[in-house]
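Everything on this sheet refers to the single structure shown next.
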Amino acid sequence: MLAALAMPAQAHDLTWSGFGTVGFAQSDQAYKYQRFIDDQGTFKRDSVIGAQVDLKFNQQWGAAVQAKLAPSDHSDSQWQGFLSWAFVSWRPNDDWLIRAGKIRLPMMLNTENSDVGATYDFARLPLEVYSIAPTTDVIGVSISKTWLGESFDWIAEAYTGEASTYWRYYGRDRTIDRNSPGSWFLPIDMKSSGLVLTARGFENTFRIGYHEGEASRPGTKTGAGFEKIPCGPSECYMLSAGGVDKLRVPIVTLGASVLLPGDFRLTGEYAKAKVESASRGLSRWGGYVALMKRMGAWTPYVSYAKTKSTDDALGVYQQINGNANTVPPPLRSGQTAMADITTPYDQSTLALGTSFWVTSKSVIKAELSRVRTGIASSFVDAPAGSDSGNRHINVFSLSYSFSF
């Protein structure tokens with residue numbers, strides 16, 4: 001692949017393109033939401049810039065490379081360069097497409113183009129759904145077959161690959177390795193295979209997929225649970241010994257976007273993942289529904305999104321979090337850290353926004369959203385001595401996205 005990309009002079013067709021978003025977001029709360037958003041405002045949550053080059057060597061062979069600059073996936077203070085795409089494609093005929101290299105997975109309706117804000121109307125894709133997969137980029141192979149129909153084109157895509165990524169945790173009172181609040185990132189190796197079926201027409205799109213993930217920790221076991229041990233006059237929850245070398249992570253995805261009478265568009269997506277480990281809150285479902293209407297250059301929309309961990313996972317969080325109030329004060333921060341490791345999710349978001357298309361490739365977006373958390377939500381960096389449950393957060397977002 002690298003040899004092919006190093007010889008652009010041999011390509012019959014070479015196309016450069018670029019994209020970016022300058023996004024500002026501000027909430028009415030002093031604590032962080034979605035890593036960066038607070039009452040001081042931030043450009044880090046939604047801003048990204050990238051470029052892509054597509055090479056076509058002949059009718060069958062091609063290649064693509066896409067790179068971007070965005071906030072780091074293993075630091076809350078740094079920016080990082082990412083290689084999102086870097087693959088060679090072979091199309092033996094019009095119906096088949098085979099890609100090998102760094103590819104983005106066909107998870108949700110906008111996963112593959114999620115970095116290019118000028119391809120959708122949402123100010124921000126619903127995090128309740130689009131964050132469920134541990135990673136959306138793998139180094140591997142995908143094979144797709146297309147069947148042309150009168151109303152819909154049917155596309156079946158199978159893929160397999162692996163990637164190294166990070167999972168972020170936040171300790172409201174302390175992290176695992178230091179006695180102060182903050183975030184930490186655990187490296188994870190992921191292997192993923194899946195099968196996705198998409199029906200795409202001129203006005204409507206439907207998608208269903210099943211993805212089988214396999215997560216492991218470099219050099220250590222994963223999937224451990226909790227156990228109670230004596231600590232002073234009370235008992236404390238601690239991570240149990242053992243675990244497994246690899247952790248199975250199945251994910252089911254559904255999506256549909258339908259044009260209704262009156263030029264209204266109804267879009268809905270759903271995803272469900274299962275994880276059996278101390279971070280059992282990652283076993284959750286997420287879904288959203290959105291209604292929008294194109295009116296000239298304007299596209300106003302309203303959306304409602306919700307995600308929730310399993311009742312069992314939320315119950316474990318409540319047990320450990322409640323136990324923190326029964327142990328001696330010096331031990332409390334250790335117990336809240338154990339509760340935070342469960343990574344619970346229970347929140348909903350109601351959003352009202354609009355996009356204004358300056359040109360066909362540039363758009364200004366504005367959105368007001370109200371977030372409500374239930375038992376707890378790991379999207380919220382809770383203040384020390386408190387927790388993330390039963391909170392209301394109002395967020396204003398304004399962005400400009402472009403592509404060329």
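Chain lettering (A, B, ...) mirrors the order of the structure tokens, residue numbering begins at 1 for each chain separately, and ligand numbering begins at 1 in order of display.
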
For Glu157 in chain A: contacts at 10 Å, only C-alpha atoms, fewer than 4 positions along chain excluded, given as a VMD selection string: chain A and resid 96 to 98 105 to 106 142 to 146 194 to 198 209

Members of range 118-357 of chain A assigned alpha helix (DSSP H) by DSSP, as a PyMOL selection string: chain A and resi 127-130+311-323+329-341

Using only C-alpha atoms, find each residue in range 89-178 of chain A having at least one atom no more than 10 Å away from range 8-27 of chain A; report its shortest atom-to-atom pair and that distance in Å (one decimal), rows by chain then rising number, as a Markdown table.
```
| residue | atom | partner | partner_atom | distance |
| --- | --- | --- | --- | --- |
| A:Asp115 | CA | A:Gly20 | CA | 7.8 |
| A:Val116 | CA | A:Phe19 | CA | 6.1 |
| A:Gly117 | CA | A:Thr21 | CA | 6.4 |
| A:Ala118 | CA | A:Phe19 | CA | 7.9 |
| A:Ala123 | CA | A:Gly23 | CA | 8.8 |
| A:Arg124 | CA | A:Gly23 | CA | 9.6 |
```

Print the selection's residues with all heavy atoms to a file, as a CSV table (one decimal), in the first residue's frame.
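Result went into part_34.csv, see below:
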```
chain,number,residue,atom,x,y,z
A,115,ASP,N,-16.3,13.1,11.0
A,115,ASP,CA,-15.4,14.2,11.1
A,115,ASP,C,-15.7,15.4,10.2
A,115,ASP,O,-15.2,16.5,10.4
A,115,ASP,CB,-14.0,13.8,10.9
A,115,ASP,CG,-13.5,12.8,11.9
A,115,ASP,OD1,-13.8,13.0,13.1
A,115,ASP,OD2,-12.7,11.9,11.6
A,116,VAL,N,-16.5,15.1,9.2
A,116,VAL,CA,-16.8,16.1,8.1
A,116,VAL,C,-18.2,16.7,8.4
A,116,VAL,O,-19.2,16.2,8.0
A,116,VAL,CB,-16.8,15.5,6.7
A,116,VAL,CG1,-16.9,16.6,5.7
A,116,VAL,CG2,-15.5,14.7,6.5
A,117,GLY,N,-18.2,17.8,9.2
A,117,GLY,CA,-19.4,18.4,9.7
A,117,GLY,C,-20.3,18.9,8.5
A,117,GLY,O,-21.5,19.2,8.7
A,118,ALA,N,-19.7,19.2,7.4
A,118,ALA,CA,-20.4,19.7,6.2
A,118,ALA,C,-21.2,18.7,5.5
A,118,ALA,O,-21.7,18.9,4.4
A,118,ALA,CB,-19.4,20.4,5.3
A,123,ALA,N,-25.6,19.9,14.8
A,123,ALA,CA,-24.4,20.6,15.3
A,123,ALA,C,-23.4,19.6,15.9
A,123,ALA,O,-22.2,19.8,15.9
A,123,ALA,CB,-24.9,21.6,16.4
A,124,ARG,N,-24.0,18.5,16.5
A,124,ARG,CA,-23.1,17.5,17.1
A,124,ARG,C,-23.9,16.2,17.0
A,124,ARG,O,-25.0,16.1,17.4
A,124,ARG,CB,-22.8,17.8,18.6
A,124,ARG,CG,-21.9,16.9,19.3
A,124,ARG,CD,-21.6,17.3,20.7
A,124,ARG,NE,-21.1,18.7,20.7
A,124,ARG,CZ,-21.7,19.7,21.3
A,124,ARG,NH1,-22.9,19.5,21.8
A,124,ARG,NH2,-21.2,20.9,21.2
```

Residues near Ala382 in chain A, cut-off 10 Å, only C-alpha atoms, skip fewer than 5 positions along chain, as a ChimeraX atom specification: /A:30-33,170-173,181-182,340,376-377,387-389,391

DSSP-assigned strand (DSSP E or B) members of range 210-275 of chain A, reported as a PyMOL selection string: chain A and resi 210-217+220+222+226-231+234-239+244+247-260+264-273

Residues of range 61-159 of chain A that have any atom at most 10 Å from an atom of range 252-267 of chain A: could you tabulate them with the shortest-distance atom pair and the distance in Å to one decimal, using only C-alpha atoms, ordered by chain and increasing number, as JSON lines?
```
{"residue": "A:Pro106", "atom": "CA", "partner": "A:Thr253", "partner_atom": "CA", "distance": 9.9}
{"residue": "A:Met107", "atom": "CA", "partner": "A:Thr253", "partner_atom": "CA", "distance": 6.8}
{"residue": "A:Met108", "atom": "CA", "partner": "A:Gly255", "partner_atom": "CA", "distance": 6.7}
{"residue": "A:Leu109", "atom": "CA", "partner": "A:Gly255", "partner_atom": "CA", "distance": 6.4}
{"residue": "A:Asn110", "atom": "CA", "partner": "A:Gly255", "partner_atom": "CA", "distance": 9.9}
{"residue": "A:Val129", "atom": "CA", "partner": "A:Thr253", "partner_atom": "CA", "distance": 9.4}
{"residue": "A:Ile132", "atom": "CA", "partner": "A:Thr253", "partner_atom": "CA", "distance": 9.9}
{"residue": "A:Ala133", "atom": "CA", "partner": "A:Val252", "partner_atom": "CA", "distance": 9.9}
```

Writer output for current selection, C-alpha atoms, as a compact mmCIF listing (two decimals), in the first residue's frame:
```
# COMPACT_ATOMS: atom_id res chain seq x y z
CA PRO A 106 -19.75 1.20 8.77
CA MET A 107 -21.31 1.46 12.25
CA MET A 108 -23.94 4.23 12.40
CA LEU A 109 -25.34 6.26 9.49
CA ASN A 110 -22.73 9.01 9.88
CA VAL A 129 -25.28 6.57 20.34
CA ILE A 132 -20.95 3.16 22.19
CA ALA A 133 -18.31 1.51 19.97
```

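Counting only C-alpha atoms, the residue from A:Thr160, A:Gln60, A:Ser77, A:Gln347 that sits nearest to Gly213 in chain A is A:Thr160.
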